[in-house]
Each structure stands twice: as C-alpha cells, then as structure tokens.
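Colleague: coords_11.txt is the file, holding compact mmCIF, C-alpha atoms:
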```
# COMPACT_ATOMS: atom_id res chain seq x y z
CA MET A 1395 10.72 24.10 -4.09
CA LYS A 1396 7.23 24.22 -2.67
CA LYS A 1397 7.30 24.32 1.13
CA LEU A 1398 3.60 24.41 2.02
CA PHE A 1399 1.53 21.30 1.47
CA ASN A 1400 -2.07 20.38 2.20
CA ILE A 1401 -2.96 16.81 3.02
CA ALA A 1402 -6.50 15.46 3.17
CA VAL A 1403 -6.67 13.06 6.13
CA LEU A 1404 -9.42 10.41 5.98
CA PRO A 1405 -9.24 8.28 9.18
CA GLY A 1406 -12.35 6.24 8.37
CA ASP A 1407 -13.59 3.29 10.43
CA GLY A 1408 -12.34 0.60 12.79
CA ILE A 1409 -8.74 1.12 13.82
CA GLY A 1410 -8.32 3.85 11.19
CA PRO A 1411 -8.70 6.80 13.59
CA GLU A 1412 -6.39 5.18 16.16
CA VAL A 1413 -3.46 4.51 13.86
CA MET A 1414 -3.98 7.85 12.12
CA LEU A 1415 -3.34 9.63 15.43
CA GLU A 1416 0.16 8.19 15.38
CA THR A 1417 0.93 9.77 12.02
CA TYR A 1418 0.16 13.17 13.51
CA LYS A 1419 3.05 12.60 15.92
CA ILE A 1420 5.32 12.04 12.93
CA LEU A 1421 3.99 15.11 11.14
CA ASN A 1422 4.58 17.21 14.26
CA VAL A 1423 8.24 16.20 14.20
CA ILE A 1424 8.56 16.98 10.49
CA ASN A 1425 6.93 20.39 10.90
CA SER A 1426 9.25 21.24 13.78
CA LYS A 1427 12.44 20.09 12.06
CA PHE A 1428 12.03 21.28 8.47
CA ASP A 1429 11.03 24.44 6.63
CA HIS A 1430 8.33 22.45 4.83
CA LYS A 1431 4.96 22.93 6.51
CA ILE A 1432 2.35 20.22 6.27
CA HIS A 1433 -1.24 21.32 6.85
CA THR A 1434 -3.79 18.57 7.48
CA HIS A 1435 -7.54 18.69 6.94
CA GLU A 1436 -9.67 15.81 8.24
CA PHE A 1437 -12.78 14.51 6.49
CA ASP A 1438 -15.23 11.67 7.13
CA ILE A 1439 -15.32 8.67 4.85
CA GLY A 1440 -16.72 5.15 4.87
CA GLY A 1441 -19.12 3.86 7.48
CA ILE A 1442 -18.83 6.86 9.77
CA ALA A 1443 -19.63 9.16 6.84
CA PHE A 1444 -22.69 7.07 5.97
CA ASP A 1445 -23.91 7.30 9.57
CA LYS A 1446 -23.56 11.09 9.50
CA PHE A 1447 -24.50 11.99 5.94
CA GLY A 1448 -26.15 8.95 4.36
CA THR A 1449 -23.27 8.40 1.92
CA PRO A 1450 -19.83 6.80 2.39
CA LEU A 1451 -18.21 9.50 0.22
CA PRO A 1452 -19.69 12.94 1.02
CA LYS A 1453 -19.17 15.81 -1.43
CA LYS A 1454 -17.27 17.75 1.24
CA THR A 1455 -14.78 14.91 1.53
CA LEU A 1456 -14.28 14.61 -2.22
CA ASP A 1457 -13.88 18.39 -2.54
CA GLY A 1458 -11.28 18.33 0.24
CA CYS A 1459 -9.33 15.64 -1.57
CA ILE A 1460 -9.46 17.59 -4.83
CA LYS A 1461 -7.92 20.62 -3.10
CA SER A 1462 -5.14 18.61 -1.45
CA ASP A 1463 -1.64 17.64 -2.54
CA ALA A 1464 -2.20 14.06 -1.38
CA ILE A 1465 -4.64 11.89 0.56
CA LEU A 1466 -3.71 10.03 3.75
CA PHE A 1467 -6.26 7.29 4.17
CA GLY A 1468 -6.99 5.11 7.20
CA SER A 1469 -9.44 2.29 6.57
CA VAL A 1470 -13.13 1.77 5.93
CA GLY A 1471 -15.72 -0.90 6.56
CA GLY A 1472 -17.05 -3.21 9.24
CA LYS A 1473 -19.91 -5.60 10.00
CA LYS A 1474 -22.19 -2.71 10.90
CA TRP A 1475 -22.49 -1.68 7.24
CA THR A 1476 -22.52 -5.04 5.43
CA CYS A 1477 -26.33 -4.97 5.32
CA LEU A 1478 -26.34 -1.84 3.15
CA SER A 1479 -26.80 -1.93 -0.62
CA ARG A 1480 -23.50 -2.42 -2.40
CA ASP A 1481 -23.16 1.17 -3.54
CA LYS A 1482 -23.56 2.33 0.08
CA GLN A 1483 -21.08 -0.09 1.61
CA PRO A 1484 -17.88 1.70 2.70
CA GLU A 1485 -15.43 -0.14 0.46
CA ARG A 1486 -17.53 -0.08 -2.71
CA GLY A 1487 -19.07 3.31 -2.10
CA ALA A 1488 -15.99 5.21 -0.94
CA LEU A 1489 -12.61 3.64 -1.66
CA LEU A 1490 -13.28 2.29 -5.15
CA PRO A 1491 -14.91 5.55 -6.35
CA LEU A 1492 -11.91 7.54 -5.03
CA ARG A 1493 -9.56 5.34 -7.02
CA ARG A 1494 -11.68 5.81 -10.13
CA PHE A 1495 -12.21 9.56 -9.69
CA PHE A 1496 -8.50 10.34 -9.38
CA ASN A 1497 -7.50 7.65 -11.91
CA LEU A 1498 -5.25 5.94 -9.38
CA PHE A 1499 -4.19 3.07 -11.62
CA ILE A 1500 -0.79 2.54 -9.96
CA ASN A 1501 -0.61 0.71 -6.66
CA ILE A 1502 2.83 0.43 -5.06
CA ARG A 1503 3.48 -1.79 -2.06
CA PRO A 1504 7.08 -2.04 -0.83
CA ILE A 1505 7.78 -5.23 1.08
CA LYS A 1506 11.05 -5.04 2.98
CA LEU A 1507 12.61 -7.23 5.64
CA ASN A 1508 15.82 -5.84 7.11
CA ASN A 1509 18.50 -8.41 7.89
CA ASP A 1510 18.45 -7.44 11.58
CA LEU A 1511 14.67 -7.99 11.78
CA LYS A 1512 14.36 -11.36 10.05
CA GLN A 1513 13.17 -12.95 13.28
CA LEU A 1514 9.82 -11.24 12.61
CA SER A 1515 9.19 -13.40 9.55
CA PRO A 1516 7.39 -16.76 9.84
CA LEU A 1517 9.90 -18.19 7.34
CA ARG A 1518 13.04 -20.04 8.36
CA GLU A 1519 16.29 -18.09 8.50
CA SER A 1520 17.75 -20.39 5.85
CA ILE A 1521 15.06 -19.14 3.44
CA ILE A 1522 15.17 -15.47 4.40
CA LYS A 1523 18.99 -15.32 4.35
CA ASN A 1524 19.86 -11.59 4.41
CA GLY A 1525 16.31 -10.32 4.14
CA PHE A 1526 14.53 -9.08 1.03
CA ASP A 1527 13.36 -5.93 -0.71
CA ILE A 1528 10.37 -6.46 -3.02
CA LEU A 1529 8.30 -3.82 -4.79
CA CYS A 1530 4.82 -4.98 -5.79
CA ILE A 1531 3.26 -2.95 -8.60
CA ARG A 1532 -0.48 -3.64 -8.93
CA GLU A 1533 -2.83 -2.32 -11.60
CA LEU A 1534 -5.62 -0.80 -9.51
CA ILE A 1535 -8.63 0.35 -11.54
CA GLY A 1536 -9.08 -2.39 -14.11
CA GLY A 1537 -9.54 -6.12 -14.17
CA ILE A 1538 -12.20 -8.18 -12.49
CA TYR A 1539 -13.04 -5.64 -9.78
CA PHE A 1540 -14.25 -3.11 -12.31
CA GLY A 1541 -15.00 -5.21 -15.39
CA LEU A 1542 -18.53 -5.31 -16.85
CA PRO A 1543 -20.84 -7.10 -17.02
CA LYS A 1544 -21.15 -8.40 -13.48
CA GLY A 1545 -24.18 -9.59 -11.61
CA ARG A 1546 -26.40 -12.59 -10.90
CA ASN A 1547 -28.72 -14.82 -12.87
CA SER A 1548 -31.63 -15.90 -10.72
CA PHE A 1549 -33.91 -17.53 -13.26
CA ASN A 1550 -33.58 -20.74 -11.31
CA LYS A 1551 -34.06 -19.85 -7.64
CA LYS A 1552 -32.60 -23.21 -6.60
CA ASN A 1553 -29.40 -22.70 -8.60
CA ILE A 1554 -28.45 -19.01 -8.75
CA SER A 1555 -25.30 -18.13 -10.68
CA ALA A 1556 -23.08 -15.06 -10.28
CA PHE A 1557 -20.52 -13.61 -12.67
CA ASP A 1558 -17.71 -11.05 -12.83
CA THR A 1559 -15.69 -10.05 -15.87
CA GLU A 1560 -11.91 -9.99 -15.99
CA ILE A 1561 -11.06 -7.49 -18.73
CA TYR A 1562 -7.92 -5.57 -19.69
CA SER A 1563 -7.07 -3.45 -22.70
CA THR A 1564 -3.69 -2.94 -24.32
CA LYS A 1565 -3.44 0.64 -23.05
CA GLU A 1566 -4.29 -0.34 -19.47
CA ILE A 1567 -1.55 -2.95 -19.45
CA GLU A 1568 0.98 -0.73 -21.22
CA ARG A 1569 0.74 2.14 -18.75
CA ILE A 1570 1.18 0.00 -15.62
CA ALA A 1571 3.95 -2.04 -17.23
CA LYS A 1572 5.90 1.13 -18.07
CA VAL A 1573 5.75 2.19 -14.42
CA ALA A 1574 7.10 -1.18 -13.31
CA PHE A 1575 10.02 -1.05 -15.73
CA GLN A 1576 10.83 2.57 -14.88
CA LEU A 1577 10.98 1.75 -11.18
CA ALA A 1578 13.02 -1.38 -11.85
CA LEU A 1579 15.69 0.79 -13.51
CA LYS A 1580 16.31 2.39 -10.09
CA ARG A 1581 16.57 -0.99 -8.37
CA LYS A 1582 17.97 -4.41 -9.37
CA LYS A 1583 16.57 -4.14 -12.92
CA GLN A 1584 14.37 -7.23 -12.66
CA VAL A 1585 10.63 -7.33 -13.41
CA TYR A 1586 8.55 -10.40 -12.57
CA SER A 1587 5.26 -10.19 -14.45
CA ILE A 1588 2.49 -12.33 -12.96
CA ASP A 1589 -0.31 -13.88 -15.03
CA LYS A 1590 -2.25 -17.04 -15.77
CA ALA A 1591 -1.67 -16.97 -19.52
CA ASN A 1592 -2.02 -20.73 -19.87
CA VAL A 1593 -5.77 -20.60 -19.19
CA LEU A 1594 -6.97 -16.95 -19.20
CA GLU A 1595 -7.35 -14.87 -22.36
CA SER A 1596 -6.90 -11.63 -20.42
CA SER A 1597 -3.61 -12.98 -19.04
CA SER A 1598 -2.49 -13.99 -22.50
CA LEU A 1599 -2.89 -10.39 -23.65
CA TRP A 1600 -1.20 -9.21 -20.44
CA ARG A 1601 1.88 -11.31 -21.23
CA GLU A 1602 2.01 -10.16 -24.85
CA VAL A 1603 1.78 -6.47 -23.98
CA VAL A 1604 4.28 -6.64 -21.12
CA THR A 1605 6.73 -8.41 -23.41
CA THR A 1606 6.32 -5.65 -26.01
CA VAL A 1607 6.84 -2.90 -23.40
CA SER A 1608 9.97 -4.65 -22.11
CA LYS A 1609 11.70 -4.07 -25.47
CA ASN A 1610 11.86 -0.36 -24.61
CA PHE A 1611 13.81 -1.20 -21.46
CA PRO A 1612 16.75 -3.36 -22.63
CA ASP A 1613 18.58 -2.93 -19.32
CA VAL A 1614 15.74 -4.60 -17.39
CA THR A 1615 15.33 -8.38 -17.36
CA LEU A 1616 11.75 -9.59 -17.68
CA HIS A 1617 10.53 -12.81 -16.07
CA HIS A 1618 7.04 -14.27 -16.62
CA LEU A 1619 5.50 -16.32 -13.80
CA TYR A 1620 2.11 -17.98 -13.48
CA VAL A 1621 0.40 -16.69 -10.36
CA ASP A 1622 0.31 -20.07 -8.63
CA ASN A 1623 4.05 -20.52 -9.17
CA ALA A 1624 4.68 -16.97 -7.99
CA ALA A 1625 2.81 -17.67 -4.74
CA MET A 1626 5.01 -20.71 -4.20
CA GLN A 1627 8.26 -18.95 -5.11
CA LEU A 1628 7.56 -16.12 -2.66
CA ILE A 1629 7.60 -18.67 0.14
CA LYS A 1630 10.43 -20.76 -1.24
CA HIS A 1631 12.85 -18.02 -2.31
CA PRO A 1632 11.54 -14.48 -1.61
CA ASN A 1633 14.83 -12.63 -2.09
CA GLN A 1634 14.98 -13.61 -5.78
CA PHE A 1635 12.29 -11.00 -6.46
CA ASP A 1636 12.77 -7.33 -7.26
CA VAL A 1637 9.74 -5.67 -8.93
CA ILE A 1638 6.57 -7.75 -9.16
CA LEU A 1639 4.04 -6.59 -11.78
CA CYS A 1640 0.46 -7.77 -11.23
CA SER A 1641 -3.10 -7.33 -12.39
CA ASN A 1642 -5.64 -6.02 -9.89
CA LEU A 1643 -6.77 -9.40 -8.59
CA PHE A 1644 -3.40 -11.13 -8.52
CA GLY A 1645 -1.75 -8.08 -6.94
CA ASP A 1646 -4.39 -7.94 -4.23
CA ILE A 1647 -3.65 -11.54 -3.24
CA LEU A 1648 0.14 -11.68 -3.64
CA SER A 1649 0.83 -8.38 -1.87
CA ASP A 1650 -0.91 -9.67 1.25
CA GLU A 1651 1.17 -12.83 1.06
CA CYS A 1652 4.26 -10.64 0.79
CA ALA A 1653 3.14 -8.66 3.83
CA MET A 1654 3.05 -11.77 5.98
CA LEU A 1655 6.62 -12.57 4.95
CA THR A 1656 7.61 -9.50 6.98
CA GLY A 1657 5.66 -10.73 10.00
CA SER A 1658 2.32 -8.94 9.79
CA ILE A 1659 0.04 -7.17 7.36
CA GLY A 1660 0.20 -4.35 9.90
CA MET A 1661 3.65 -3.62 8.48
CA LEU A 1662 2.59 -3.11 4.86
CA PRO A 1663 2.11 0.43 3.48
CA SER A 1664 0.46 1.22 0.17
CA ALA A 1665 0.54 4.05 -2.36
CA SER A 1666 -2.15 4.45 -5.04
CA LEU A 1667 -1.07 6.94 -7.69
CA ASN A 1668 -2.12 8.51 -10.97
CA LYS A 1669 0.19 9.45 -13.84
CA ASN A 1670 1.07 12.73 -12.09
CA PHE A 1671 1.87 10.87 -8.86
CA PHE A 1672 -0.99 12.45 -6.96
CA GLY A 1673 -1.95 9.71 -4.60
CA LEU A 1674 -3.91 8.05 -1.85
CA PHE A 1675 -1.75 6.44 0.83
CA GLU A 1676 -3.11 3.77 3.14
CA PRO A 1677 -2.12 0.73 5.19
CA ALA A 1678 -2.97 -2.54 3.49
CA GLY A 1679 -4.51 -4.25 6.51
CA GLY A 1680 -8.03 -2.85 6.60
CA SER A 1681 -10.25 -1.63 9.41
CA ALA A 1682 -9.80 -4.62 11.80
CA PRO A 1683 -13.01 -3.82 13.74
CA ASP A 1684 -12.20 -6.49 16.34
CA LEU A 1685 -9.25 -4.33 17.47
CA LYS A 1686 -11.12 -1.04 17.51
CA GLY A 1687 -10.71 0.89 20.75
CA LYS A 1688 -8.28 -1.59 22.29
CA ASN A 1689 -5.07 0.34 21.55
CA LEU A 1690 -3.55 -2.86 20.13
CA ALA A 1691 -3.31 -2.14 16.41
CA ASN A 1692 0.06 -1.82 14.72
CA PRO A 1693 0.48 1.78 13.45
CA ILE A 1694 3.60 1.04 11.40
CA ALA A 1695 1.81 0.48 8.08
CA GLN A 1696 0.02 3.82 8.49
CA ILE A 1697 3.28 5.59 9.38
CA LEU A 1698 5.13 4.01 6.45
CA SER A 1699 2.23 5.02 4.18
CA LEU A 1700 2.95 8.59 5.28
CA ALA A 1701 6.57 8.02 4.27
CA LEU A 1702 5.39 6.96 0.80
CA LEU A 1703 3.29 10.12 0.64
CA PHE A 1704 6.40 12.23 1.20
CA GLU A 1705 8.35 10.25 -1.37
CA TYR A 1706 5.88 10.06 -4.24
CA SER A 1707 3.34 12.89 -4.01
CA LEU A 1708 5.42 15.55 -2.21
CA ASN A 1709 8.73 14.56 -3.82
CA LEU A 1710 10.55 14.76 -0.47
CA LYS A 1711 12.42 11.48 -0.51
CA ASP A 1712 14.83 12.50 2.24
CA ILE A 1713 11.97 12.88 4.72
CA ALA A 1714 10.53 9.55 3.58
CA GLN A 1715 13.88 7.89 4.29
CA TYR A 1716 14.07 9.48 7.74
CA ILE A 1717 10.65 8.04 8.63
CA GLU A 1718 11.52 4.59 7.32
CA LEU A 1719 14.78 4.60 9.24
CA ALA A 1720 12.99 5.66 12.43
CA VAL A 1721 10.66 2.65 12.09
CA ILE A 1722 13.57 0.25 11.51
CA LYS A 1723 15.59 1.59 14.45
CA THR A 1724 12.59 1.42 16.76
CA LEU A 1725 12.03 -2.21 15.84
CA LYS A 1726 15.73 -2.96 16.25
CA LYS A 1727 15.44 -1.69 19.82
CA GLY A 1728 13.03 -4.54 20.43
CA TYR A 1729 9.72 -2.68 20.59
CA ARG A 1730 6.79 -4.73 19.30
CA THR A 1731 3.06 -4.34 18.95
CA LEU A 1732 0.86 -7.35 19.66
CA ASP A 1733 0.77 -8.68 16.09
CA ILE A 1734 4.56 -9.03 15.84
CA SER A 1735 5.20 -10.01 19.46
CA ASP A 1736 5.34 -13.25 21.41
CA GLY A 1737 1.89 -12.40 22.79
CA LYS A 1738 3.30 -11.40 26.17
CA ASN A 1739 5.85 -8.66 25.66
CA TYR A 1740 4.43 -5.85 23.57
CA ILE A 1741 3.60 -2.16 23.64
CA HIS A 1742 0.37 -0.45 22.62
CA THR A 1743 -0.54 1.52 19.52
CA ASP A 1744 0.06 4.95 21.05
CA GLN A 1745 3.33 3.84 22.64
CA MET A 1746 4.71 2.57 19.33
CA GLY A 1747 3.81 5.86 17.64
CA THR A 1748 5.54 7.82 20.41
CA LYS A 1749 8.67 5.65 20.20
CA ILE A 1750 8.93 6.08 16.43
CA ALA A 1751 8.36 9.86 16.66
CA LYS A 1752 11.06 10.18 19.31
CA THR A 1753 13.51 8.15 17.25
CA LEU A 1754 12.67 10.23 14.17
CA SER A 1755 13.44 13.42 16.05
CA GLU A 1756 16.77 12.03 17.20
CA ILE A 1757 17.73 10.92 13.69
CA ILE A 1758 16.95 14.28 12.11
CA THR A 1759 18.78 16.15 14.88
CA ASN A 1760 21.89 14.04 14.31
CA GLU A 1761 23.20 15.60 11.11
CA ASN A 1762 25.90 12.94 10.78
CA TYR A 1763 23.39 10.19 10.01
CA ILE A 1764 23.91 8.57 6.63
CA ILE A 1765 20.53 7.13 5.71
CA SER A 1766 21.68 4.81 2.94
CA LYS A 1767 23.85 2.86 5.38
CA ASN A 1768 21.02 2.30 7.82
CA ILE A 1769 18.11 1.22 5.62
```
Could you quickly redo this structure as structure tokens?
Modeller:
Amino acid sequence: MKKLFNIAVLPGDGIGPEVMLETYKILNVINSKFDHKIHTHEFDIGGIAFDKFGTPLPKKTLDGCIKSDAILFGSVGGKKWTCLSRDKQPERGALLPLRRFFNLFINIRPIKLNNDLKQLSPLRESIIKNGFDILCIRELIGGIYFGLPKGRNSFNKKNISAFDTEIYSTKEIERIAKVAFQLALKRKKQVYSIDKANVLESSSLWREVVTTVSKNFPDVTLHHLYVDNAAMQLIKHPNQFDVILCSNLFGDILSDECAMLTGSIGMLPSASLNKNFFGLFEPAGGSAPDLKGKNLANPIAQILSLALLFEYSLNLKDIAQYIELAVIKTLKKGYRTLDISDGKNYIHTDQMGTKIAKTLSEIITNENYIISKNI
C-alpha cells in the first residue's frame, strides 16, 4: 500500500486559512502515529490569488493540484471581490473551474447526528429520536449552474430579463445515480431521489433514468420525492432517510438544510469526487468574512472534510474513522464553538482544533478502541 501522499492545500479567503490551520494539527498527529506520511503543499486560490496574481485560479495552483493525490480546500469569496467581472470572482473563477477541470461530478455530504449529541439540533427530541445518518449525493457539474444558454435580455431597459438553463443528459444522470445506489448497498439500502418531475422536463428525465438504473440494484429500495416534499420530510422525520440523490441545484439547497439539522453548517463536510475518487474536500459553510480574524469559526467541518479525504481519495478508512470519532468524543465532553453554543460558554477556533487533535492522539494510542461501537 502506498505510504507517501501529497495533498494540495488551498486555504483561500475569509475563515479558510484559520480553520485550515486546525487540520494541520490533525495531520501532525496522523504523521506521528502511522507509517503513512502526508506531505502538504499550500497554494493561493480565490480572492487572495486574484489580489496577488490577477486571477482567482493561478496556473501554479492548478499545476499543484494536478500533481497531488487530493485537494484540501478552505473557502473562497467575500464582498471585496463582488465588483469583479463574473469570471474573476472567486467562486465562479476558481471553485467551479476546478470542479470542471477534474470532472468532479460526485458531491458527497454526510449528515450525522449522534444520539448523545441530539441537543445540538434545533429540532425537538421527539422528532430526532435516536439521531440520524444521512448521505446526500449531489450531481456537481451539470444542471442549472452550468447549463447553456444563460444571460440577460436588455432590449427593454425598464424590464430586463435574465435566464439560466436547467439541462441534464441521460449519461449525466446515470453516472451519479449509480454512485448513489452503490453507496446505498453499504448502508441501509434506501435511495431517495429528489426531483420536481410534475412541472420540470429535466426532472421528468431524471426520474425516468434513476428508475432505470435502480433495476440493476434489486437489493436497494428506490423512493421518489418532489423537492418541496423532501424539504418538509427532512424537518418532520429526518431519520427515515438514508441516501438522498439530488441534482446540482436541489442538492445545494437540501444539503444546507440537512446541515442545520445537526446544529450548524459549520459541522458539514463535503467531498467532490471524479470517477477515480480523486477529490476536492471542503467545508460546506463558505468563507464567512464576518468571522475572519476573530478566532470564532467552527473548524469541525474542515476537519471532517480531511477525514473524507482519507476515506475516499487515500483509501485509508481507518484513519477517517479515528478522526470522526475524535470529533464526536470532543463534542461529548461538552466543548462547543460559538455557533453551537449557548452564546456564553464556548471555546475558540484554535482551542477546538487542539482539543480534537489531543483526543485523536489518545484514541490512536489506545489500541483497544473499537471504532464501530463509538461512532
């Protein structure tokens, strides 16, 4: 098994560099406890890259990603760069091109709420019951975000119209659906496919193709839900869900709703993968420029994104489980960042990272730990 890995680290803007520092603490523990050696190489991306080089995605950064085994991404964007042309803005000029370049059509967002941590959720205990474990699978490089044509009609200056195109092909739907069903086989064998087939032609095709793909997975039960009903059911009965399969737009919206069910979007990690499981791993919460420099951001989503990197791109699931368990045990001890606290009793970004790293070290040192009984 390969024991030397290179990771391209792209801290980006806003709170990105701050929460990324906490992942280095985790990597230091891993490098000290295992034979696997993880080498990191930092590159600029987003607004900070534009300020330095006049482009949000410099060639040096892209080349560094190409040479890596995986990409650990922070966040990009902020008010400072909203005045730029669209192709120069951090999100459109850096993150979307990276997804396209590496063909990262699979987005995986695990949404878990441990039974012992259900007090973090805004939902009533009677709804949460024993917690939930949802896996949101989002198609990432198709749909309305990338569909053409898009633009504006300004023939009438007093009544400008704008348009975007929601478009999906059979092959695009097939490949993401297969991933969802394959992952469901390792879980509760339930796939909930989300669409709006009653009014959208693209959703009608989505439902037809997903239904066809499901016939190759007879052990998996397929459920179709309209997106508005799905949004309601996630609040009403979240633990009915197993794998949720979504288009780009619907997945973007529902995964953030799922994140808040755990207490904060600062808890939600994300993996964007291609067919070879090379991937870009990032927290779902964004750059949060209002928190920049205040040492208040929650680093857990960034740390759990690192765990996904170990699981999917490096194929080191045991290390991923150690990291996840370290996060859970740290939270069980009562440590909270501002976003998941009562507003009075909380610790800072760097303190949370240190607590999780210390717990991780203790877990790995204790050879008698059985991970499956603690996650």
Colleague: CA of Leu1619 (chain A) to CA of Tyr1586 (chain A): how many Å, to one decimal?
Modeller: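 Going from CA of Leu1619 (chain A) over to CA of Tyr1586 (chain A), I get 6.8 Å.
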Colleague: Kindly provide, as AutoDock Vina command-line options, the centre and edge lengths (Å, one decimal) of an axis-aligned box around all atoms of region 1467-1477 of chain A given in the file, with 6 Å on each side.
Modeller:
```
--center_x -16.3 --center_y 0.8 --center_z 7.5 --size_x 32.1 --size_y 24.9 --size_z 18.7
```
Colleague: Considering all atoms listed in the file, state which residue in the set A:Pro1677, A:Pro1693, A:Gly1406, A:Gly1468 is at the smallest distance from Asn1501 (chain A).
Modeller: A:Pro1677
Colleague: List every protein, DNA or RNA residue that has an atom no more than 8 Å from (-3.5, 6.7, 4.6) in the file's coordinate frame, counting all atoms listed in the file, and report them as a ChimeraX atom specification.
Modeller: /A:1403-1405,1414,1465-1469,1674-1677,1696,1699-1700
Colleague: Find the residues near Ile1460 (chain A): any atom within 12 Å, counting only C-alpha atoms, skip ones fewer than 3 places away on the same chain, and give them as an MDAnalysis selection string.
Modeller: chainID A and resid 1400:1402 1435 1453:1457 1463:1465 1492 1495:1496 1672:1674
Colleague: Between A:Cys1652, A:Phe1611, A:Glu1560, A:Ser1462, which one has atoms that come closest to Met1626 (chain A), using all atoms listed in the file?
Modeller: A:Cys1652
Colleague: In Å to one decimal, how far is CA of Lys1583 (chain A) from CA of Ala1714 (chain A)?
Modeller: 22.3 Å
Colleague: Out of A:Val1593, A:Ala1691, A:Cys1640, A:Ile1424, which residue has the shortest atom-to-atom distance to Thr1759 (chain A) when counting all atoms listed in the file?
Modeller: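 Closest candidate: A:Ile1424.
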Colleague: Given all atoms listed in the file as the basis, pick out the residue of A:Ser1666, A:Thr1559, A:Asn1524, A:Gln1576 nearest to Leu1643 (chain A).
Modeller: A:Thr1559
Colleague: Hey, which of A:Gly1537, A:Gly1660, A:Pro1504, A:Pro1450 ends up closest to Gly1679 (chain A)? Count all atoms listed in the file.
Modeller: A:Gly1660
Colleague: Please measure the separation of CA of Ile1442 (chain A) and CA of Pro1683 (chain A), giving the value in Å to one decimal.
Modeller: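 A separation of 12.8 Å between them.
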Colleague: Select, from A:Ser1548, A:Thr1434, A:Ser1641, A:Thr1605, the residue with the minimum atom-to-atom distance to Glu1533 (chain A), counting only C-alpha atoms.
Modeller: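 Of the candidates, the smallest distance to Glu1533 (chain A) is held by A:Ser1641.
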Colleague: Excluding Ile1750 (chain A) and any residue of its chain fewer than 4 positions from it, enumerate the residues within 8 Å of it, using all atoms listed in the file, and give them as a list in words.
Modeller: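 The neighbour list is Ile1420, Ala1720, Val1721, Thr1724, Met1746 and Leu1754 of chain A.
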Colleague: Would you list the contacts of Asp1589 (chain A) as a PyMOL selection string, taking every protein, DNA or RNA residue within 7 Å and counting only C-alpha atoms, but skipping same-chain residues closer than 5 positions in sequence?
Modeller: chain A and resi 1597+1619-1621
Colleague: Restricting it to C-alpha atoms, dump the selection as a short mmCIF file (atom, residue, chain, number, x, y, z; two decimals), keeping the file's coordinate frame.
Modeller:
```cif
data_model
loop_
_atom_site.label_atom_id
_atom_site.label_comp_id
_atom_site.auth_asym_id
_atom_site.auth_seq_id
_atom_site.Cartn_x
_atom_site.Cartn_y
_atom_site.Cartn_z
CA SER A 1597 -3.61 -12.98 -19.04
CA LEU A 1619 5.50 -16.32 -13.80
CA TYR A 1620 2.11 -17.98 -13.48
CA VAL A 1621 0.40 -16.69 -10.36
#
```
Colleague: Write out as a CSV table (one decimal) with C-alpha atoms, keeping the file's coordinate frame which residues come within 12 Å of His1742 (chain A) when counting all atoms listed in the file, dropping same-chain ones fewer than 5 positions away.
Modeller:
```csv
chain,number,residue,atom,x,y,z
A,1412,GLU,CA,-6.4,5.2,16.2
A,1413,VAL,CA,-3.5,4.5,13.9
A,1416,GLU,CA,0.2,8.2,15.4
A,1685,LEU,CA,-9.2,-4.3,17.5
A,1687,GLY,CA,-10.7,0.9,20.8
A,1688,LYS,CA,-8.3,-1.6,22.3
A,1689,ASN,CA,-5.1,0.3,21.6
A,1690,LEU,CA,-3.6,-2.9,20.1
A,1691,ALA,CA,-3.3,-2.1,16.4
A,1692,ASN,CA,0.1,-1.8,14.7
A,1693,PRO,CA,0.5,1.8,13.4
A,1694,ILE,CA,3.6,1.0,11.4
A,1729,TYR,CA,9.7,-2.7,20.6
A,1730,ARG,CA,6.8,-4.7,19.3
A,1731,THR,CA,3.1,-4.3,19.0
A,1732,LEU,CA,0.9,-7.4,19.7
A,1733,ASP,CA,0.8,-8.7,16.1
A,1734,ILE,CA,4.6,-9.0,15.8
A,1735,SER,CA,5.2,-10.0,19.5
A,1747,GLY,CA,3.8,5.9,17.6
A,1748,THR,CA,5.5,7.8,20.4
A,1749,LYS,CA,8.7,5.6,20.2
```
